Amino acid sequence: MSEKILSIPLQEKEIRELKVGDVVYLQGVIYTARDMAHLRMRDYLEEGKELPVSLEGAAIFHAGPVVKEKENSYDLVVIGPTTSIRMEPYSQMICEKGVRAIIGKGGMAEGSMKAFAKYGCVYLQAAPGCAVKIAEDVEEIENVYWLELGVPEAMWLLKTPKFGPLVVAMDSHGSSIYQNIKKEALEKIAIKYGE
């Protein structure tokens, strides 16, 4: 288990070196995207339209911030991870387009694990229940797209000097901390009840 600071845009080589349990900090610009932003990205790609941001080497944060509007800008109040499994149908698409890290809570499914292995991507677990602390890691809101979807569903560009700690919960080698925990729990149950 190691601790690393990675700069965005992320490189495939450094992502493939990560293993489940590693602790990671990110620096650069992180994009938020929940259900509607992923749907919008899919629609743009299917229609051949250019996305407002490059996904090459990107980190996508499954989160919807609370913001305070100022004159011509926004201040981030709090931001915490949302449940990632809802974005499962889009993981293949965004990994294929170059996304190297997905940040959220709860993990993703088998389809995502295959995409992570094929394209060189990882899933990073953000600490749930720490929305104030996570917001403190963000230096500024650099931009926002698709605000017509609503504040939580828009794509926010968050500039950060050191975002984390984040735990590698699913790596590009087919390992998943969630599967490991489930397996250990089932083994303990089997031992306890003699199965």
# chains A, B, ... in the order shown; residues from 1 in each chain; ligands from 1
$ residues_around --residues "segment 155-169 of chain A" --least-positions-apart "3" --cutoff "7 Å" --atoms "only C-alpha atoms" --output "count of residues only"
33
$ atom_distance --atom1 "atom CA of Leu51 of chain A" --atom2 "atom CA of Val78 of chain A"
26.1 Å
$ residues_around --residues "Ile79 of chain A" --least-positions-apart "4" --cutoff "7 Å" --atoms "only C-alpha atoms" --output "list in words"
Ala63, Gly64, Pro65, Val66, Ala131, Val132, Ile134 and Ala135 of chain A
$ closest_residue --among "A:Lys97, A:Lys68, A:Arg42, A:Arg16" --to "Gly120 of chain A" --atoms "only C-alpha atoms"
A:Arg16
$ select_by_dssp --residues "chain A" --states "strand (DSSP E or B)" --output "MDAnalysis selection string"
chainID A and resid 3:7 23:32 59:61 63 66:70 73:78 81 83 101:105 122:125 140:145 155:170 176
$ atom_distance --atom1 "atom CA of Gly98 of chain A" --atom2 "atom CA of Tyr119 of chain A"
7.5 Å
$ select_by_dssp --residues "segment 35-192 of chain A" --states "alpha helix (DSSP H)" --output "PyMOL selection string"
chain A and resi 35-47+91-96+110-119+131-136+177-192
$ residues_around --residues "Met108 of chain A" --least-positions-apart "6" --cutoff "12 Å" --atoms "only C-alpha atoms" --output "number ranges by chain"
A: 62, 82-92, 102, 114-116, 122-125, 169-171, 175-179
$ write_last_selection --atoms "N, CA and C atoms" --output "PDB file, in the first residue's frame"
ATOM      1  N   HIS A  62     -18.291  11.672  -8.830  1.00  0.00           N
ATOM      2  CA  HIS A  62     -19.735  11.469  -8.707  1.00  0.00           C
ATOM      3  C   HIS A  62     -20.215  12.253  -7.491  1.00  0.00           C
ATOM      4  N   THR A  82     -21.566  10.835  -4.181  1.00  0.00           N
ATOM      5  CA  THR A  82     -22.854  10.175  -4.290  1.00  0.00           C
ATOM      6  C   THR A  82     -22.620   8.718  -4.715  1.00  0.00           C
ATOM      7  N   THR A  83     -23.647   7.915  -4.617  1.00  0.00           N
ATOM      8  CA  THR A  83     -23.547   6.492  -4.922  1.00  0.00           C
ATOM      9  C   THR A  83     -23.263   6.283  -6.414  1.00  0.00           C
ATOM     10  N   SER A  84     -22.172   5.618  -6.690  1.00  0.00           N
ATOM     11  CA  SER A  84     -21.671   5.514  -8.063  1.00  0.00           C
ATOM     12  C   SER A  84     -22.389   4.504  -8.943  1.00  0.00           C
ATOM     13  N   ILE A  85     -23.020   3.515  -8.368  1.00  0.00           N
ATOM     14  CA  ILE A  85     -23.596   2.433  -9.180  1.00  0.00           C
ATOM     15  C   ILE A  85     -24.614   2.971 -10.186  1.00  0.00           C
ATOM     16  N   ARG A  86     -25.204   4.119  -9.881  1.00  0.00           N
ATOM     17  CA  ARG A  86     -26.181   4.712 -10.812  1.00  0.00           C
ATOM     18  C   ARG A  86     -25.531   5.091 -12.142  1.00  0.00           C
ATOM     19  N   MET A  87     -24.237   5.360 -12.130  1.00  0.00           N
ATOM     20  CA  MET A  87     -23.532   5.763 -13.345  1.00  0.00           C
ATOM     21  C   MET A  87     -22.889   4.577 -14.072  1.00  0.00           C
ATOM     22  N   GLU A  88     -23.186   3.372 -13.608  1.00  0.00           N
ATOM     23  CA  GLU A  88     -22.619   2.159 -14.214  1.00  0.00           C
ATOM     24  C   GLU A  88     -22.824   2.079 -15.738  1.00  0.00           C
ATOM     25  N   PRO A  89     -24.012   2.430 -16.252  1.00  0.00           N
ATOM     26  CA  PRO A  89     -24.218   2.297 -17.707  1.00  0.00           C
ATOM     27  C   PRO A  89     -23.273   3.159 -18.552  1.00  0.00           C
ATOM     28  N   TYR A  90     -22.586   4.126 -17.945  1.00  0.00           N
ATOM     29  CA  TYR A  90     -21.762   5.060 -18.709  1.00  0.00           C
ATOM     30  C   TYR A  90     -20.262   4.827 -18.534  1.00  0.00           C
ATOM     31  N   SER A  91     -19.861   3.891 -17.699  1.00  0.00           N
ATOM     32  CA  SER A  91     -18.439   3.736 -17.384  1.00  0.00           C
ATOM     33  C   SER A  91     -17.618   3.320 -18.607  1.00  0.00           C
ATOM     34  N   GLN A  92     -18.138   2.409 -19.401  1.00  0.00           N
ATOM     35  CA  GLN A  92     -17.435   1.983 -20.620  1.00  0.00           C
ATOM     36  C   GLN A  92     -17.184   3.188 -21.516  1.00  0.00           C
ATOM     37  N   ILE A 102     -12.376   7.564 -11.528  1.00  0.00           N
ATOM     38  CA  ILE A 102     -13.751   7.858 -11.124  1.00  0.00           C
ATOM     39  C   ILE A 102     -13.751   7.899  -9.611  1.00  0.00           C
ATOM     40  N   LYS A 114     -14.269  -4.350 -16.048  1.00  0.00           N
ATOM     41  CA  LYS A 114     -13.735  -4.715 -17.369  1.00  0.00           C
ATOM     42  C   LYS A 114     -13.227  -3.485 -18.109  1.00  0.00           C
ATOM     43  N   ALA A 115     -13.967  -2.370 -18.020  1.00  0.00           N
ATOM     44  CA  ALA A 115     -13.540  -1.132 -18.673  1.00  0.00           C
ATOM     45  C   ALA A 115     -12.263  -0.595 -18.033  1.00  0.00           C
ATOM     46  N   PHE A 116     -12.158  -0.696 -16.697  1.00  0.00           N
ATOM     47  CA  PHE A 116     -10.954  -0.228 -16.006  1.00  0.00           C
ATOM     48  C   PHE A 116      -9.726  -1.005 -16.498  1.00  0.00           C
ATOM     49  N   VAL A 122      -9.160   3.735 -12.693  1.00  0.00           N
ATOM     50  CA  VAL A 122      -9.367   3.254 -11.328  1.00  0.00           C
ATOM     51  C   VAL A 122     -10.597   3.921 -10.726  1.00  0.00           C
ATOM     52  N   TYR A 123     -11.120   3.260  -9.703  1.00  0.00           N
ATOM     53  CA  TYR A 123     -12.219   3.826  -8.919  1.00  0.00           C
ATOM     54  C   TYR A 123     -11.646   4.229  -7.566  1.00  0.00           C
ATOM     55  N   LEU A 124     -11.849   5.488  -7.202  1.00  0.00           N
ATOM     56  CA  LEU A 124     -11.331   6.026  -5.950  1.00  0.00           C
ATOM     57  C   LEU A 124     -12.480   6.303  -4.992  1.00  0.00           C
ATOM     58  N   GLN A 125     -12.401   5.722  -3.802  1.00  0.00           N
ATOM     59  CA  GLN A 125     -13.417   5.918  -2.779  1.00  0.00           C
ATOM     60  C   GLN A 125     -13.122   7.218  -2.035  1.00  0.00           C
ATOM     61  N   ALA A 169     -10.182   1.807  -4.613  1.00  0.00           N
ATOM     62  CA  ALA A 169     -11.113   0.754  -4.221  1.00  0.00           C
ATOM     63  C   ALA A 169     -11.319  -0.277  -5.319  1.00  0.00           C
ATOM     64  N   MET A 170     -11.060   0.119  -6.565  1.00  0.00           N
ATOM     65  CA  MET A 170     -11.100  -0.797  -7.713  1.00  0.00           C
ATOM     66  C   MET A 170      -9.953  -0.386  -8.618  1.00  0.00           C
ATOM     67  N   ASP A 171      -9.092  -1.338  -8.960  1.00  0.00           N
ATOM     68  CA  ASP A 171      -7.939  -0.978  -9.780  1.00  0.00           C
ATOM     69  C   ASP A 171      -8.078  -1.524 -11.198  1.00  0.00           C
ATOM     70  N   SER A 175      -9.018  -6.051  -9.337  1.00  0.00           N
ATOM     71  CA  SER A 175      -9.215  -6.150  -7.884  1.00  0.00           C
ATOM     72  C   SER A 175     -10.220  -5.105  -7.411  1.00  0.00           C
ATOM     73  N   SER A 176     -11.009  -5.494  -6.419  1.00  0.00           N
ATOM     74  CA  SER A 176     -12.030  -4.617  -5.854  1.00  0.00           C
ATOM     75  C   SER A 176     -12.056  -4.784  -4.344  1.00  0.00           C
ATOM     76  N   ILE A 177     -11.919  -3.692  -3.633  1.00  0.00           N
ATOM     77  CA  ILE A 177     -11.964  -3.737  -2.174  1.00  0.00           C
ATOM     78  C   ILE A 177     -13.340  -4.209  -1.703  1.00  0.00           C
ATOM     79  N   TYR A 178     -14.374  -3.886  -2.480  1.00  0.00           N
ATOM     80  CA  TYR A 178     -15.734  -4.280  -2.110  1.00  0.00           C
ATOM     81  C   TYR A 178     -15.903  -5.789  -2.230  1.00  0.00           C
ATOM     82  N   GLN A 179     -15.370  -6.367  -3.307  1.00  0.00           N
ATOM     83  CA  GLN A 179     -15.422  -7.828  -3.460  1.00  0.00           C
ATOM     84  C   GLN A 179     -14.587  -8.521  -2.389  1.00  0.00           C
TER      85      GLN A 179
END
$ atom_distance --atom1 "atom CA of Phe61 of chain A" --atom2 "atom CA of Pro81 of chain A"
7.2 Å
$ closest_residue --among "A:Cys130, A:Pro9, A:Glu136, A:Gly174" --to "Leu76 of chain A" --atoms "only C-alpha atoms"
A:Glu136
